[in-house]
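Source file: data.cif. Holds: mmCIF, C-alpha atoms.
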```cif
data_final
loop_
_atom_site.label_atom_id
_atom_site.label_comp_id
_atom_site.auth_asym_id
_atom_site.auth_seq_id
_atom_site.Cartn_x
_atom_site.Cartn_y
_atom_site.Cartn_z
CA MET M 29 -27.38 -103.41 46.72
CA ASN M 30 -25.32 -104.36 43.67
CA HIS M 31 -25.17 -102.04 40.71
CA LEU M 32 -28.33 -101.96 38.63
CA GLY M 33 -26.99 -103.69 35.52
CA ASP M 34 -29.87 -104.85 33.29
CA LEU M 35 -32.34 -103.13 35.56
CA VAL M 36 -31.26 -99.80 34.09
CA SER M 37 -32.99 -100.54 30.79
CA ALA M 38 -35.98 -102.14 32.50
CA LEU M 39 -36.33 -99.02 34.65
CA LEU M 40 -36.18 -96.76 31.58
CA ASP M 41 -38.73 -98.93 29.81
CA GLY M 42 -41.13 -98.92 32.76
CA GLU M 43 -40.75 -102.68 33.09
CA LEU M 44 -39.97 -102.96 36.81
CA THR M 45 -42.44 -103.89 39.51
CA ALA M 46 -43.20 -101.18 42.08
CA GLY M 47 -40.89 -102.83 44.59
CA GLU M 48 -37.99 -103.25 42.15
CA ARG M 49 -38.43 -99.71 41.01
CA ALA M 50 -38.31 -98.26 44.52
CA ALA M 51 -35.14 -100.23 45.27
CA ALA M 52 -33.55 -99.20 41.97
CA GLU M 53 -34.32 -95.54 42.55
CA ALA M 54 -32.92 -95.68 46.08
CA HIS M 55 -29.71 -97.16 44.67
CA LEU M 56 -29.50 -94.57 41.91
CA ALA M 57 -29.71 -91.74 44.42
CA GLY M 58 -26.43 -92.88 45.97
CA CYS M 59 -24.54 -94.29 42.97
CA LEU M 60 -22.92 -92.04 40.41
CA ASP M 61 -21.84 -94.98 38.22
CA CYS M 62 -25.41 -96.17 37.83
CA ARG M 63 -26.68 -92.65 37.17
CA THR M 64 -24.10 -92.31 34.40
CA GLU M 65 -25.05 -95.70 33.00
CA MET M 66 -28.69 -94.66 33.12
CA ALA M 67 -28.07 -91.38 31.25
CA ARG M 68 -26.01 -93.08 28.55
CA THR M 69 -28.50 -95.89 28.12
CA ALA M 70 -31.33 -93.38 27.87
CA ALA M 71 -29.44 -91.51 25.14
CA MET M 72 -28.91 -94.74 23.17
CA ARG M 73 -32.54 -95.73 23.62
CA SER M 74 -33.72 -92.38 22.26
CA LEU M 75 -31.43 -92.69 19.24
CA VAL M 76 -32.96 -96.01 18.21
CA ARG M 77 -36.48 -94.83 19.00
CA GLY M 78 -35.87 -91.77 16.87
CA LEU M 79 -35.00 -93.75 13.73
CA PRO M 80 -37.41 -92.80 10.93
CA PRO M 81 -39.77 -95.20 9.15
CA ILE M 82 -38.43 -96.43 5.83
CA GLU M 83 -40.33 -96.23 2.58
CA PRO M 84 -40.21 -99.44 0.54
CA PRO M 85 -39.03 -98.98 -3.06
CA PHE M 86 -41.77 -97.50 -5.21
CA GLY M 87 -44.21 -100.14 -6.45
CA PHE M 88 -42.67 -102.92 -4.36
CA VAL M 89 -45.75 -103.79 -2.33
CA GLU M 90 -48.05 -103.44 -5.36
CA ALA M 91 -45.83 -105.83 -7.31
CA LEU M 92 -46.12 -108.41 -4.52
CA VAL M 93 -49.90 -108.00 -4.48
CA ARG M 94 -50.10 -108.43 -8.26
CA ALA M 95 -47.79 -111.46 -8.21
CA ASP M 96 -49.97 -112.97 -5.51
CA ARG M 97 -53.11 -112.41 -7.59
CA ARG M 98 -51.55 -114.04 -10.63
CA ARG M 99 -50.47 -116.99 -8.53
CA ARG M 100 -53.84 -117.45 -6.94
CA ARG M 101 -56.15 -116.67 -9.84
CA PRO M 102 -54.23 -117.47 -13.02
CA ALA M 103 -57.39 -118.41 -14.97
CA ALA M 104 -59.24 -115.26 -14.01
CA PHE M 105 -56.17 -113.25 -14.88
CA ALA M 106 -55.80 -114.84 -18.29
CA ALA M 107 -59.51 -114.32 -18.99
CA ALA M 108 -59.33 -110.69 -17.99
CA ALA M 109 -56.29 -110.18 -20.20
CA ALA M 110 -58.06 -111.85 -23.15
CA VAL M 111 -61.14 -109.68 -22.70
CA ALA M 112 -58.99 -106.59 -22.52
CA ALA M 113 -57.17 -107.63 -25.68
CA VAL M 114 -60.39 -108.29 -27.59
CA VAL M 115 -62.09 -105.10 -26.52
CA GLY M 116 -58.87 -103.26 -27.14
CA LEU M 117 -58.75 -101.65 -23.75
CA ALA M 118 -55.64 -101.27 -21.71
CA VAL M 119 -55.89 -102.92 -18.34
CA THR M 120 -55.74 -100.12 -15.88
CA PRO M 121 -53.78 -101.09 -12.82
CA ARG M 122 -55.59 -100.56 -9.57
CA SER M 123 -54.36 -97.45 -7.93
CA ASP M 124 -56.22 -97.44 -4.63
CA GLY M 125 -54.00 -97.28 -1.63
CA VAL M 126 -50.97 -96.22 -3.63
CA ALA M 127 -49.39 -92.95 -2.67
CA PRO M 128 -46.48 -92.20 -4.97
CA PRO M 129 -43.72 -90.33 -3.18
CA VAL M 130 -43.93 -87.39 -5.56
CA GLY M 131 -41.45 -85.37 -3.54
CA ARG M 132 -38.84 -88.06 -4.04
CA PHE M 133 -39.40 -88.14 -7.79
CA VAL M 134 -39.08 -84.39 -8.04
CA GLU M 135 -35.90 -84.51 -6.00
CA ALA M 136 -34.49 -87.43 -8.02
CA HIS M 137 -35.33 -85.63 -11.24
CA ALA M 138 -33.79 -82.41 -10.04
CA THR M 139 -30.55 -84.04 -8.93
CA ALA M 140 -30.32 -86.38 -11.91
CA THR M 141 -30.84 -83.70 -14.53
CA PRO M 142 -27.57 -82.21 -15.67
CA GLY M 143 -27.62 -78.64 -16.74
CA GLY M 144 -30.92 -78.01 -15.06
CA ASP M 145 -32.15 -74.50 -14.58
CA PRO M 146 -30.97 -73.51 -11.09
CA VAL M 147 -34.12 -71.48 -10.55
CA THR M 148 -36.80 -73.93 -11.60
CA ASN M 149 -34.71 -77.10 -11.23
CA LEU M 150 -36.00 -78.14 -14.63
CA GLY M 151 -33.71 -79.72 -17.16
CA PRO M 152 -33.18 -78.37 -20.66
CA PRO M 153 -36.20 -78.83 -22.98
CA SER M 154 -34.43 -81.58 -24.91
CA VAL M 155 -34.66 -84.02 -21.98
CA LEU M 156 -38.43 -83.64 -21.69
CA PRO M 157 -40.47 -86.36 -23.35
CA VAL M 158 -42.01 -85.18 -26.60
CA SER M 159 -45.52 -85.60 -25.31
CA PHE M 160 -44.84 -83.19 -22.48
CA ARG M 161 -43.99 -80.35 -24.79
CA PRO M 162 -46.64 -77.70 -25.13
CA MET N 13 -75.81 -90.31 18.33
CA ALA N 14 -76.43 -93.46 16.44
CA ASP N 15 -74.45 -96.64 16.27
CA VAL N 16 -70.97 -95.50 17.11
CA PRO N 17 -68.97 -98.71 17.38
CA LEU N 18 -67.20 -99.19 20.69
CA VAL N 19 -64.28 -100.88 19.06
CA ASP N 20 -62.68 -99.84 15.84
CA LYS N 21 -63.93 -102.12 13.11
CA ASP N 22 -60.43 -102.63 11.81
CA GLU N 23 -59.33 -104.07 15.12
CA GLN N 24 -62.32 -106.39 15.22
CA SER N 25 -62.50 -108.04 11.86
CA VAL N 26 -59.86 -110.21 10.29
CA PRO N 27 -58.48 -108.15 7.44
CA ASP N 28 -57.96 -109.31 3.91
CA TRP N 29 -54.40 -110.18 2.87
CA GLU N 30 -54.11 -107.47 0.24
CA GLU N 31 -55.30 -104.94 2.75
CA VAL N 32 -52.61 -106.04 5.20
CA ALA N 33 -49.95 -105.90 2.48
CA ARG N 34 -50.95 -102.41 1.38
CA ARG N 35 -51.67 -100.94 4.75
CA TYR N 36 -48.75 -102.42 6.68
CA GLY N 37 -46.23 -102.78 3.85
CA ARG N 38 -44.25 -99.79 5.01
CA PHE N 39 -44.34 -100.92 8.64
CA ILE N 40 -43.09 -104.42 7.77
CA PHE N 41 -40.45 -102.98 5.46
CA THR N 42 -39.19 -100.66 8.18
CA VAL N 43 -38.85 -103.49 10.71
CA ALA N 44 -37.25 -105.70 8.04
CA TYR N 45 -34.78 -102.98 7.10
CA ARG N 46 -33.79 -102.33 10.71
CA LEU N 47 -33.15 -106.07 11.14
CA THR N 48 -31.28 -106.70 7.88
CA GLY N 49 -29.66 -103.33 7.23
CA ASN N 50 -30.09 -103.29 3.47
CA GLU N 51 -32.84 -102.93 0.93
CA ALA N 52 -32.36 -106.21 -0.95
CA ASP N 53 -32.49 -108.39 2.17
CA ALA N 54 -35.35 -106.31 3.55
CA GLN N 55 -37.33 -106.98 0.35
CA ASP N 56 -36.70 -110.72 0.58
CA LEU N 57 -37.75 -110.67 4.20
CA VAL N 58 -40.96 -108.74 3.50
CA GLN N 59 -41.82 -111.25 0.80
CA ASP N 60 -41.28 -114.12 3.24
CA VAL N 61 -43.33 -112.31 5.90
CA LEU N 62 -46.26 -111.74 3.56
CA LEU N 63 -46.26 -115.44 2.63
CA ARG N 64 -46.38 -116.28 6.33
CA VAL N 65 -49.14 -113.73 6.80
CA ARG N 66 -51.09 -115.40 3.99
CA ARG N 67 -50.85 -118.73 5.83
CA GLY N 68 -51.45 -117.23 9.26
CA LEU N 69 -54.34 -114.85 8.59
CA PRO N 70 -57.08 -117.48 8.97
CA THR N 71 -55.95 -118.03 12.56
CA TYR N 72 -55.19 -114.36 13.30
CA ARG N 73 -57.10 -113.19 16.33
CA PRO N 74 -58.01 -109.51 16.19
CA GLY N 75 -55.66 -107.53 18.38
CA SER N 76 -52.48 -105.66 17.68
CA MET N 77 -51.75 -106.14 14.00
CA GLU N 78 -48.37 -104.43 14.39
CA GLY N 79 -47.43 -106.73 17.26
CA TRP N 80 -48.43 -109.78 15.24
CA LEU N 81 -46.60 -108.63 12.12
CA SER N 82 -43.41 -107.70 13.94
CA ARG N 83 -43.41 -111.08 15.64
CA ILE N 84 -43.68 -112.79 12.25
CA THR N 85 -40.98 -110.53 10.84
CA THR N 86 -38.43 -111.17 13.60
CA ASN N 87 -39.08 -114.90 13.49
CA ALA N 88 -38.74 -115.03 9.71
CA PHE N 89 -35.51 -113.07 10.07
CA LEU N 90 -34.07 -115.33 12.79
CA ASP N 91 -35.13 -118.48 10.91
CA ASP N 92 -33.30 -117.21 7.86
CA VAL N 93 -30.20 -116.37 9.87
CA ARG N 94 -30.15 -119.89 11.32
CA ARG N 95 -30.77 -121.48 7.94
CA ARG N 96 -27.89 -119.64 6.30
CA ARG N 97 -25.50 -120.55 9.02
CA ARG N 98 -23.64 -123.80 8.58
CA ARG N 99 -22.73 -123.97 12.20
CA PRO N 100 -24.23 -122.05 15.05
CA VAL N 101 -22.43 -118.84 15.79
CA GLU N 102 -20.87 -118.55 19.18
CA ALA N 103 -23.69 -116.82 20.96
CA LEU N 104 -22.91 -114.33 23.65
CA PRO N 105 -24.09 -115.76 26.95
CA ASP N 106 -27.36 -114.36 28.20
CA GLU N 107 -26.01 -113.75 31.66
CA PRO N 108 -27.29 -110.78 33.53
CA ASP N 109 -24.98 -108.13 34.91
CA ARG N 110 -22.23 -108.71 32.44
CA VAL N 111 -22.74 -105.40 30.82
CA VAL N 112 -19.63 -103.49 29.99
CA PRO N 113 -19.20 -100.92 32.74
CA PRO N 114 -19.33 -97.31 31.70
CA SER N 115 -15.88 -96.16 30.73
CA ALA N 116 -14.50 -93.06 32.37
CA GLY N 117 -14.98 -89.84 30.48
CA ALA N 118 -17.74 -91.25 28.29
CA ASP N 119 -19.50 -88.55 26.42
CA GLU N 120 -23.24 -88.75 25.84
CA ALA N 121 -23.10 -85.89 23.36
CA LEU N 122 -21.15 -88.01 20.87
CA GLU N 123 -23.85 -90.64 20.90
CA ALA N 124 -26.60 -88.08 20.74
CA SER N 125 -25.21 -86.67 17.52
CA ALA N 126 -25.05 -90.03 15.73
CA LEU N 127 -26.72 -90.14 12.31
CA PRO N 128 -29.46 -92.67 11.53
CA GLU N 129 -27.03 -94.49 9.19
CA ASP N 130 -24.55 -94.85 12.04
CA VAL N 131 -27.23 -96.17 14.37
CA GLN N 132 -28.34 -98.62 11.67
CA ALA N 133 -24.74 -99.79 11.18
CA ALA N 134 -24.41 -100.29 14.94
CA LEU N 135 -27.64 -102.33 14.95
CA ILE N 136 -26.27 -104.59 12.24
CA ALA N 137 -23.11 -105.13 14.31
CA LEU N 138 -25.24 -106.59 17.14
CA PRO N 139 -25.68 -110.36 17.46
CA GLU N 140 -29.03 -111.15 15.80
CA ASP N 141 -30.81 -112.23 18.99
CA PHE N 142 -29.91 -108.95 20.67
CA ARG N 143 -30.79 -107.00 17.55
CA ALA N 144 -34.23 -108.63 17.41
CA ALA N 145 -34.93 -107.72 21.05
CA VAL N 146 -33.80 -104.11 20.60
CA VAL N 147 -35.78 -103.68 17.36
CA LEU N 148 -38.94 -105.09 18.94
CA SER N 149 -38.49 -102.78 21.91
CA ASP N 150 -37.28 -99.55 20.35
CA VAL N 151 -38.39 -99.66 16.72
CA VAL N 152 -41.74 -101.41 17.18
CA GLY N 153 -42.35 -100.33 20.78
CA LEU N 154 -43.44 -103.67 22.24
CA GLY N 155 -43.35 -104.34 25.99
CA TYR N 156 -41.05 -106.98 27.48
CA ALA N 157 -43.83 -109.55 27.95
CA GLU N 158 -44.79 -109.34 24.29
CA ILE N 159 -41.14 -109.51 23.22
CA ALA N 160 -40.61 -112.57 25.40
CA GLU N 161 -43.60 -114.24 23.78
CA SER N 162 -42.48 -113.24 20.28
CA LEU N 163 -38.97 -114.58 20.74
CA GLY N 164 -39.94 -117.56 22.89
CA VAL N 165 -37.59 -116.64 25.75
CA PRO N 166 -38.14 -115.70 29.42
CA ILE N 167 -38.64 -112.06 30.38
CA GLY N 168 -35.30 -112.05 32.23
CA THR N 169 -33.59 -112.90 28.95
CA VAL N 170 -35.41 -110.08 27.17
CA ARG N 171 -34.33 -107.67 29.89
CA SER N 172 -30.73 -108.72 29.56
CA ARG N 173 -30.70 -108.73 25.75
CA ILE N 174 -32.18 -105.27 25.54
CA HIS N 175 -29.78 -103.80 28.05
CA ARG N 176 -26.73 -105.54 26.65
CA GLY N 177 -27.87 -104.66 23.16
CA ARG N 178 -28.02 -100.98 24.07
CA ALA N 179 -24.62 -101.17 25.73
CA LEU N 180 -23.13 -102.77 22.60
CA LEU N 181 -24.74 -100.13 20.38
CA ARG N 182 -23.13 -97.49 22.54
CA GLU N 183 -19.76 -99.15 22.19
CA ALA N 184 -20.18 -99.41 18.43
CA LEU N 185 -21.00 -95.71 18.21
CA ALA N 186 -18.18 -94.63 20.47
CA PRO N 187 -15.36 -93.01 18.53
#
```

Is it possible to express this structure as structure tokens?
Amino acid sequence: MNHLGDLVSALLDGELTAGERAAAEAHLAGCLDCRTEMARTAAMRSLVRGLPPIEPPFGFVEALVRADRRRRRPAAFAAAAAVAAVVGLAVTPRSDGVAPPVGRFVEAHATATPGGDPVTNLGPPSVLPVSFRP
Amino acid sequence: MADVPLVDKDEQSVPDWEEVARRYGRFIFTVAYRLTGNEADAQDLVQDVLLRVRRGLPTYRPGSMEGWLSRITTNAFLDDVRRRRRRPVEALPDEPDRVVPPSAGADEALEASALPEDVQAALIALPEDFRAAVVLSDVVGLGYAEIAESLGVPIGTVRSRIHRGRALLREALAP
């Protein structure tokens, strides 16, 4: 039998038929090159499979949803805005389904605050917004 | 026990667009980022995907939402690549068994210690068709039959693209 070639990945992915698999395994038993190829391919496969999920920028998906609403229901949106203006209420954005990555904010704040307290990671009082002061 | 549904309701009913955007936004963004390699292009791609989802939802048949979304994402990505290109790039031939043979003294440990950023950079160095196959297989976790259907190519081509893709990644990560 020839070397396994593409079959190495198919074998790792469980994508060979029973017959192909038996033949591939028999070949592997006697071929060091193919065993090496198999080990290296498996390592590469695990690296890609181990890549972490990526968080979209904060508010990105919500912004798309809101833009879509405006596009689809401009009249309803304008009416809602007018009502809110008349009644004097702020339109509260919908917050369901939104999970702010608080940890990231804390980290960003901590690293972006010069002269922060090394113990609490808090910046000097002057950088805090007035409303946050006790 | 009363009325326990046999099938998860979410898998049965056609979901609302906003629900898809909110619930699968991170999933689509992850696939888009792995394909494009940067945040700005990933955002554009997600936007394109959600527009396609808006058009496609009425005909969506309940099944694997992730499979369906990743198929839309890779196709939107490949369409965009083709659109941007004035002339077709010299594609690597899809011939089987033309994988670079393992070089002597290759060290698996070096590859195993690669950082996610390095792996991402290696992915971006792959020809797009190979990248799409590898992402569908190893980021999304689709089987070869589903990948073949998503990309509109025979299973043999998927097999070859995935294996050659992995071999090229290895080369890119080699010191």

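Within the file as shown, the PyMOL selection byres ((chain N and resi 128-137) around 9) identifies Leu75, Val76, Gly78, Leu79 and Pro80 of chain M; Arg46, Leu47, Thr48, Gly49, Ala126, Leu127, Leu138, Pro139, Glu140, Arg143, Val146, Val147, Gly177, Leu180, Leu181, Arg182, Glu183, Ala184 and Leu185 of chain N.
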
- Task: Hey, list the chain M side of the contact with chain N: 9 Å cut-off, only C-alpha atoms, answer as a ChimeraX atom specification.
- Result: /M:31-38,41-43,61-62,64-65,67-69,71-85,88-90,92-93,96,125-126

- Exercise: Gly79 (chain N) partners within 10 Å, all atoms listed in the file, chain neighbours under 4 positions left out, as a ChimeraX atom specification: /N:75,83-85,148,152-155,158-159,162

For the selection you just gave me, I'd like the residues written to a file as a PDB file, in the coordinates of the input, keeping C-alpha atoms.
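Contents of result-v5.pdb, freshly written:
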```
ATOM      1  CA  GLY N  75     -55.660-107.530  18.380  1.00  0.00           C
ATOM      2  CA  ARG N  83     -43.410-111.080  15.640  1.00  0.00           C
ATOM      3  CA  ILE N  84     -43.680-112.790  12.250  1.00  0.00           C
ATOM      4  CA  THR N  85     -40.980-110.530  10.840  1.00  0.00           C
ATOM      5  CA  LEU N 148     -38.940-105.090  18.940  1.00  0.00           C
ATOM      6  CA  VAL N 152     -41.740-101.410  17.180  1.00  0.00           C
ATOM      7  CA  GLY N 153     -42.350-100.330  20.780  1.00  0.00           C
ATOM      8  CA  LEU N 154     -43.440-103.670  22.240  1.00  0.00           C
ATOM      9  CA  GLY N 155     -43.350-104.340  25.990  1.00  0.00           C
ATOM     10  CA  GLU N 158     -44.790-109.340  24.290  1.00  0.00           C
ATOM     11  CA  ILE N 159     -41.140-109.510  23.220  1.00  0.00           C
ATOM     12  CA  SER N 162     -42.480-113.240  20.280  1.00  0.00           C
TER      13      SER N 162
END
```

- Query: What does the distance between CA of Arg64 (chain N) and CA of Asp92 (chain N) come to in Å, to one decimal place?
  - Reply: 13.2 Å

- Coordinates-based distance that separates CA of Asn87 (chain N) from CA of Val65 (chain N) (Å, one decimal): 12.1 Å

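One distance worth recording is that between CA of Thr71 (chain N) and CA of Arg100 (chain M), which is 19.6 Å.
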
Please, can region 122-147 of chain N be completed to N, CA and C atoms and returned as a JSON list (two decimals), in the coordinates of the input?
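Output below, filename rebuild.json:
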```
[["chain", "number", "residue", "atom", "x", "y", "z"],
["N", 122, "LEU", "N", -21.62, -87.34, 22.08],
["N", 122, "LEU", "CA", -21.15, -88.01, 20.87],
["N", 122, "LEU", "C", -22.21, -88.98, 20.36],
["N", 123, "GLU", "N", -22.81, -89.70, 21.30],
["N", 123, "GLU", "CA", -23.85, -90.64, 20.90],
["N", 123, "GLU", "C", -25.08, -89.90, 20.41],
["N", 124, "ALA", "N", -25.38, -88.81, 21.08],
["N", 124, "ALA", "CA", -26.60, -88.08, 20.74],
["N", 124, "ALA", "C", -26.54, -87.48, 19.35],
["N", 125, "SER", "N", -25.32, -87.29, 18.84],
["N", 125, "SER", "CA", -25.21, -86.67, 17.52],
["N", 125, "SER", "C", -25.09, -87.70, 16.40],
["N", 126, "ALA", "N", -25.21, -88.98, 16.75],
["N", 126, "ALA", "CA", -25.05, -90.03, 15.73],
["N", 126, "ALA", "C", -26.15, -89.92, 14.67],
["N", 127, "LEU", "N", -25.77, -90.17, 13.42],
["N", 127, "LEU", "CA", -26.72, -90.14, 12.31],
["N", 127, "LEU", "C", -27.49, -91.46, 12.25],
["N", 128, "PRO", "N", -28.69, -91.43, 11.66],
["N", 128, "PRO", "CA", -29.46, -92.67, 11.53],
["N", 128, "PRO", "C", -28.66, -93.80, 10.86],
["N", 129, "GLU", "N", -27.83, -93.45, 9.87],
["N", 129, "GLU", "CA", -27.03, -94.49, 9.19],
["N", 129, "GLU", "C", -26.04, -95.13, 10.17],
["N", 130, "ASP", "N", -25.49, -94.31, 11.05],
["N", 130, "ASP", "CA", -24.55, -94.85, 12.04],
["N", 130, "ASP", "C", -25.27, -95.77, 13.02],
["N", 131, "VAL", "N", -26.46, -95.35, 13.43],
["N", 131, "VAL", "CA", -27.23, -96.17, 14.37],
["N", 131, "VAL", "C", -27.60, -97.49, 13.69],
["N", 132, "GLN", "N", -27.99, -97.40, 12.41],
["N", 132, "GLN", "CA", -28.34, -98.62, 11.67],
["N", 132, "GLN", "C", -27.12, -99.54, 11.57],
["N", 133, "ALA", "N", -25.96, -98.98, 11.28],
["N", 133, "ALA", "CA", -24.74, -99.79, 11.18],
["N", 133, "ALA", "C", -24.44, -100.45, 12.52],
["N", 134, "ALA", "N", -24.65, -99.72, 13.60],
["N", 134, "ALA", "CA", -24.41, -100.29, 14.94],
["N", 134, "ALA", "C", -25.39, -101.43, 15.22],
["N", 135, "LEU", "N", -26.63, -101.26, 14.77],
["N", 135, "LEU", "CA", -27.64, -102.33, 14.95],
["N", 135, "LEU", "C", -27.20, -103.60, 14.25],
["N", 136, "ILE", "N", -26.66, -103.43, 13.03],
["N", 136, "ILE", "CA", -26.27, -104.59, 12.24],
["N", 136, "ILE", "C", -25.05, -105.29, 12.88],
["N", 137, "ALA", "N", -24.27, -104.53, 13.64],
["N", 137, "ALA", "CA", -23.11, -105.13, 14.31],
["N", 137, "ALA", "C", -23.53, -105.96, 15.53],
["N", 138, "LEU", "N", -24.78, -105.82, 15.97],
["N", 138, "LEU", "CA", -25.24, -106.59, 17.14],
["N", 138, "LEU", "C", -25.49, -108.05, 16.76],
["N", 139, "PRO", "N", -25.25, -108.97, 17.71],
["N", 139, "PRO", "CA", -25.68, -110.36, 17.46],
["N", 139, "PRO", "C", -27.19, -110.36, 17.19],
["N", 140, "GLU", "N", -27.64, -111.21, 16.27],
["N", 140, "GLU", "CA", -29.03, -111.15, 15.80],
["N", 140, "GLU", "C", -30.07, -111.24, 16.91],
["N", 141, "ASP", "N", -29.82, -112.09, 17.92],
["N", 141, "ASP", "CA", -30.81, -112.23, 18.99],
["N", 141, "ASP", "C", -30.97, -110.93, 19.76],
["N", 142, "PHE", "N", -29.86, -110.23, 19.96],
["N", 142, "PHE", "CA", -29.91, -108.95, 20.67],
["N", 142, "PHE", "C", -30.59, -107.90, 19.79],
["N", 143, "ARG", "N", -30.22, -107.96, 18.50],
["N", 143, "ARG", "CA", -30.79, -107.00, 17.55],
["N", 143, "ARG", "C", -32.31, -107.14, 17.52],
["N", 144, "ALA", "N", -32.78, -108.38, 17.47],
["N", 144, "ALA", "CA", -34.23, -108.63, 17.41],
["N", 144, "ALA", "C", -34.91, -108.04, 18.65],
["N", 145, "ALA", "N", -34.32, -108.23, 19.81],
["N", 145, "ALA", "CA", -34.93, -107.72, 21.05],
["N", 145, "ALA", "C", -34.96, -106.19, 21.04],
["N", 146, "VAL", "N", -33.86, -105.56, 20.62],
["N", 146, "VAL", "CA", -33.80, -104.11, 20.60],
["N", 146, "VAL", "C", -34.78, -103.53, 19.57],
["N", 147, "VAL", "N", -34.86, -104.17, 18.40],
["N", 147, "VAL", "CA", -35.78, -103.68, 17.36],
["N", 147, "VAL", "C", -37.23, -103.80, 17.85]]
```
